[in-house]
$ cat run36.csv   # CSV, C-alpha atoms
chain,number,residue,atom,x,y,z
A,25,MET,CA,29.2,313.5,351.8
A,26,GLN,CA,27.9,313.2,355.3
A,27,LEU,CA,24.4,314.0,356.8
A,28,HIS,CA,25.8,317.1,358.5
A,29,ASP,CA,26.9,318.5,355.1
A,30,LEU,CA,23.3,318.6,353.7
A,31,ALA,CA,21.9,322.2,353.4
A,32,PRO,CA,19.2,323.8,351.2
A,33,ALA,CA,20.4,325.7,348.1
A,34,PRO,CA,21.3,329.3,348.6
A,35,GLY,CA,18.2,331.6,348.5
A,36,ALA,CA,15.8,328.6,348.9
A,37,THR,CA,14.8,329.5,352.5
A,38,LYS,CA,13.8,332.8,354.1
A,39,SER,CA,13.8,333.8,357.7
A,40,ARG,CA,10.3,334.6,359.0
A,41,LYS,CA,9.2,338.2,359.4
A,42,ARG,CA,9.2,339.1,363.2
A,43,VAL,CA,6.9,342.1,363.6
A,44,GLY,CA,6.1,344.3,366.6
A,45,ARG,CA,9.5,343.8,368.3
A,46,GLY,CA,10.5,347.4,368.9
A,47,PRO,CA,11.7,350.3,366.7
A,48,GLY,CA,15.2,348.9,366.1
A,49,SER,CA,13.8,345.9,364.2
A,50,GLY,CA,12.4,348.2,361.4
A,51,ARG,CA,9.0,346.5,361.9
A,52,GLY,CA,8.0,347.9,365.3
A,53,LYS,CA,5.2,350.3,366.3
A,54,THR,CA,2.4,349.5,363.8
A,55,ALA,CA,3.9,346.0,363.0
A,56,THR,CA,3.4,346.5,359.2
A,57,ARG,CA,-0.3,347.1,359.6
A,58,GLY,CA,-0.3,350.8,358.7
A,59,TYR,CA,-1.8,353.5,360.8
A,60,ASN,CA,-5.6,353.5,360.7
A,61,GLY,CA,-8.5,351.5,359.4
A,62,GLN,CA,-10.4,348.3,360.1
A,63,LYS,CA,-7.5,346.0,359.2
A,64,SER,CA,-5.1,347.8,361.5
A,65,ARG,CA,-7.1,346.9,364.6
A,66,ALA,CA,-7.2,343.7,366.6
A,67,GLY,CA,-10.0,341.4,365.3
A,68,GLY,CA,-10.7,343.9,362.5
A,69,ALA,CA,-10.2,341.7,359.5
A,70,LYS,CA,-13.5,340.2,358.4
A,71,GLY,CA,-13.9,336.6,357.3
A,72,ASN,CA,-14.3,335.2,353.8
A,73,GLY,CA,-17.5,336.1,352.2
A,74,PHE,CA,-18.0,339.4,354.2
A,75,GLU,CA,-19.5,342.0,351.9
A,76,GLY,CA,-19.4,345.1,354.0
A,77,GLY,CA,-22.7,344.6,355.7
A,78,GLN,CA,-24.6,343.7,352.5
A,79,THR,CA,-26.2,340.2,352.8
A,80,PRO,CA,-23.5,337.9,351.5
A,81,LEU,CA,-24.0,335.9,348.2
A,82,ALA,CA,-24.1,332.6,350.1
A,83,ARG,CA,-27.1,333.8,352.1
A,84,ARG,CA,-28.9,335.4,349.2
A,85,LEU,CA,-28.8,332.3,346.9
A,86,PRO,CA,-31.3,330.1,348.8
A,87,TYR,CA,-34.0,332.7,348.3
A,88,LEU,CA,-33.9,332.4,344.5
A,89,PRO,CA,-35.3,329.1,343.4
A,90,GLY,CA,-39.0,329.7,343.9
A,91,PHE,CA,-41.4,328.3,346.5
A,92,LYS,CA,-41.5,325.2,348.7
A,93,ASN,CA,-45.0,324.2,349.8
A,94,ILE,CA,-44.8,323.0,353.5
A,95,ASN,CA,-48.2,321.4,353.2
A,96,ARG,CA,-47.3,319.2,350.2
A,97,VAL,CA,-48.5,315.6,350.5
A,98,GLU,CA,-46.3,313.0,348.9
A,99,TYR,CA,-47.8,309.7,347.6
A,100,ALA,CA,-45.8,306.6,346.7
A,101,PRO,CA,-46.8,305.7,343.1
A,102,VAL,CA,-47.8,302.2,342.2
A,103,ASN,CA,-48.9,301.3,338.6
A,104,VAL,CA,-51.6,298.7,337.8
A,105,GLY,CA,-49.0,296.8,335.8
A,106,ARG,CA,-47.1,296.3,339.0
A,107,LEU,CA,-50.3,295.0,340.8
A,108,GLU,CA,-50.7,292.5,337.9
A,109,GLU,CA,-47.2,291.1,338.6
A,110,LEU,CA,-47.4,291.0,342.4
A,111,PHE,CA,-51.0,290.0,343.3
A,112,ALA,CA,-53.0,286.9,342.6
A,113,ASP,CA,-56.6,287.0,341.3
A,114,GLY,CA,-59.1,288.0,344.0
A,115,GLU,CA,-56.5,289.4,346.5
A,116,THR,CA,-56.9,292.7,348.4
A,117,VAL,CA,-54.4,295.5,347.7
A,118,ASP,CA,-53.9,297.7,350.8
A,119,ASN,CA,-50.9,299.2,352.6
A,120,ALA,CA,-50.2,296.1,354.6
A,121,SER,CA,-50.1,293.8,351.5
A,122,LEU,CA,-48.0,296.3,349.6
A,123,LYS,CA,-45.5,296.4,352.5
A,124,ASP,CA,-45.4,292.6,352.6
A,125,LYS,CA,-44.6,292.5,348.9
A,126,GLY,CA,-41.8,295.1,349.3
A,127,VAL,CA,-43.5,297.8,347.3
A,128,ILE,CA,-43.4,300.3,350.2
A,129,LYS,CA,-41.2,300.5,353.2
A,130,LYS,CA,-43.7,301.5,355.9
A,131,GLU,CA,-47.4,300.8,356.2
A,132,SER,CA,-48.1,304.5,357.0
A,133,THR,CA,-46.8,305.5,353.6
A,134,LEU,CA,-49.5,307.2,351.4
A,135,VAL,CA,-50.1,305.3,348.2
A,136,LYS,CA,-51.7,306.3,344.9
A,137,VAL,CA,-52.4,303.7,342.2
A,138,LEU,CA,-51.7,304.9,338.7
A,139,GLY,CA,-52.9,303.6,335.3
A,140,ASP,CA,-49.7,302.5,333.6
A,141,GLY,CA,-49.8,298.9,332.4
A,142,GLU,CA,-52.4,296.2,331.9
A,143,LEU,CA,-54.5,294.5,334.5
A,144,LYS,CA,-56.4,291.2,333.9
A,145,LYS,CA,-56.9,290.1,337.5
A,146,SER,CA,-59.8,290.9,339.7
A,147,LEU,CA,-58.4,292.9,342.7
A,148,THR,CA,-60.0,294.8,345.6
A,149,VAL,CA,-58.0,298.0,345.9
A,150,LYS,CA,-58.0,299.9,349.3
A,151,VAL,CA,-55.4,302.6,349.1
A,152,ASP,CA,-55.3,306.4,349.7
A,153,LYS,CA,-55.8,307.5,346.1
A,154,VAL,CA,-56.6,305.9,342.7
A,155,SER,CA,-56.3,307.8,339.4
A,156,ALA,CA,-59.3,307.8,337.1
A,157,SER,CA,-57.5,305.7,334.4
A,158,ALA,CA,-56.4,303.1,337.1
A,159,ALA,CA,-59.9,302.9,338.5
A,160,LYS,CA,-61.3,302.3,335.0
A,161,LYS,CA,-58.8,299.4,334.4
A,162,ILE,CA,-59.4,297.8,337.8
A,163,GLU,CA,-63.2,297.8,337.3
A,164,ALA,CA,-62.9,296.6,333.7
A,165,ALA,CA,-60.9,293.6,335.0
A,166,GLY,CA,-63.7,292.8,337.4
A,167,GLY,CA,-62.2,294.3,340.5
A,168,ARG,CA,-63.4,297.2,342.7
A,169,VAL,CA,-62.0,300.3,344.3
A,170,GLU,CA,-62.8,301.0,347.9
A,171,ALA,CA,-61.9,303.9,350.2
A,172,ALA,CA,-58.9,303.4,352.4
A,173,CYS,CA,-59.6,302.3,356.0
$ encode --input "run36.csv" --output "structure tokens"
Amino acid sequence: MQLHDLAPAPGATKSRKRVGRGPGSGRGKTATRGYNGQKSRAGGAKGNGFEGGQTPLARRLPYLPGFKNINRVEYAPVNVGRLEELFADGETVDNASLKDKGVIKKESTLVKVLGDGELKKSLTVKVDKVSASAAKKIEAAGGRVEAAC
């Protein structure tokens, strides 16, 4: 067998349909599109997801899941148990010291101290917010809570 003897099996290939090449071809005039209607015209076939002028499903869905408050303020949570691990007795806890210890990435991040964990060290806490339980634990350990600068 030689390379020039190779051929696909009979019936395995079809010649392509040449449309719009005159009446003798059997596929002239309307070029298999039919006579009238949107799909018979140039540029008339609408894209995937077109629903006849109704707002498509893909555009309706984002409206469904409730409300997003554009004025929401996000705080980075830091527990008093974490302060116990990271800070020595008598130190000041503020955004700069939290950034130095790797707790927050930027000094401009808003921080809220929460009350999970135990605190035995006396710390001065100067952050944006402190929960009531955290403030109670800080003051019980001999520390104090001050307003952020």
$ residues_near_point --input "run36.csv" --point "(-54.2, 288.9, 348.3)" --cutoff "12 Å" --atoms "all atoms listed in the file" --output "number ranges by chain"
A: 107-108, 110-122, 124-125, 145-150
$ residues_around --input "run36.csv" --residues "A:Arg57" --least-positions-apart "3" --cutoff "12 Å" --atoms "all atoms listed in the file" --output "number ranges by chain"
A: 43-44, 51-54, 60-66, 68-69
$ atom_distance --input "run36.csv" --atom1 "atom CA of A:Lys144" --atom2 "atom CA of A:Glu131"
25.9 Å
$ atom_distance --input "run36.csv" --atom1 "atom CA of A:Arg96" --atom2 "atom CA of A:Leu138"
18.9 Å
$ residues_near_point --input "run36.csv" --point "(-53.0, 306.1, 343.6)" --cutoff "12 Å" --atoms "only C-alpha atoms" --output "PyMOL selection string"
chain A and resi 98-104+107+117-119+133-140+149-159+162+169-172
$ atom_distance --input "run36.csv" --atom1 "atom CA of A:Pro89" --atom2 "atom CA of A:Gly73"
21.1 Å
$ closest_residue --input "run36.csv" --among "A:Lys70, A:Lys160, A:His28, A:Arg42" --to "A:Glu142" --atoms "only C-alpha atoms"
A:Lys160
$ closest_residue --input "run36.csv" --among "A:Gly167, A:Gly77, A:Gly58, A:Val127" --to "A:Leu143" --atoms "only C-alpha atoms"
A:Gly167
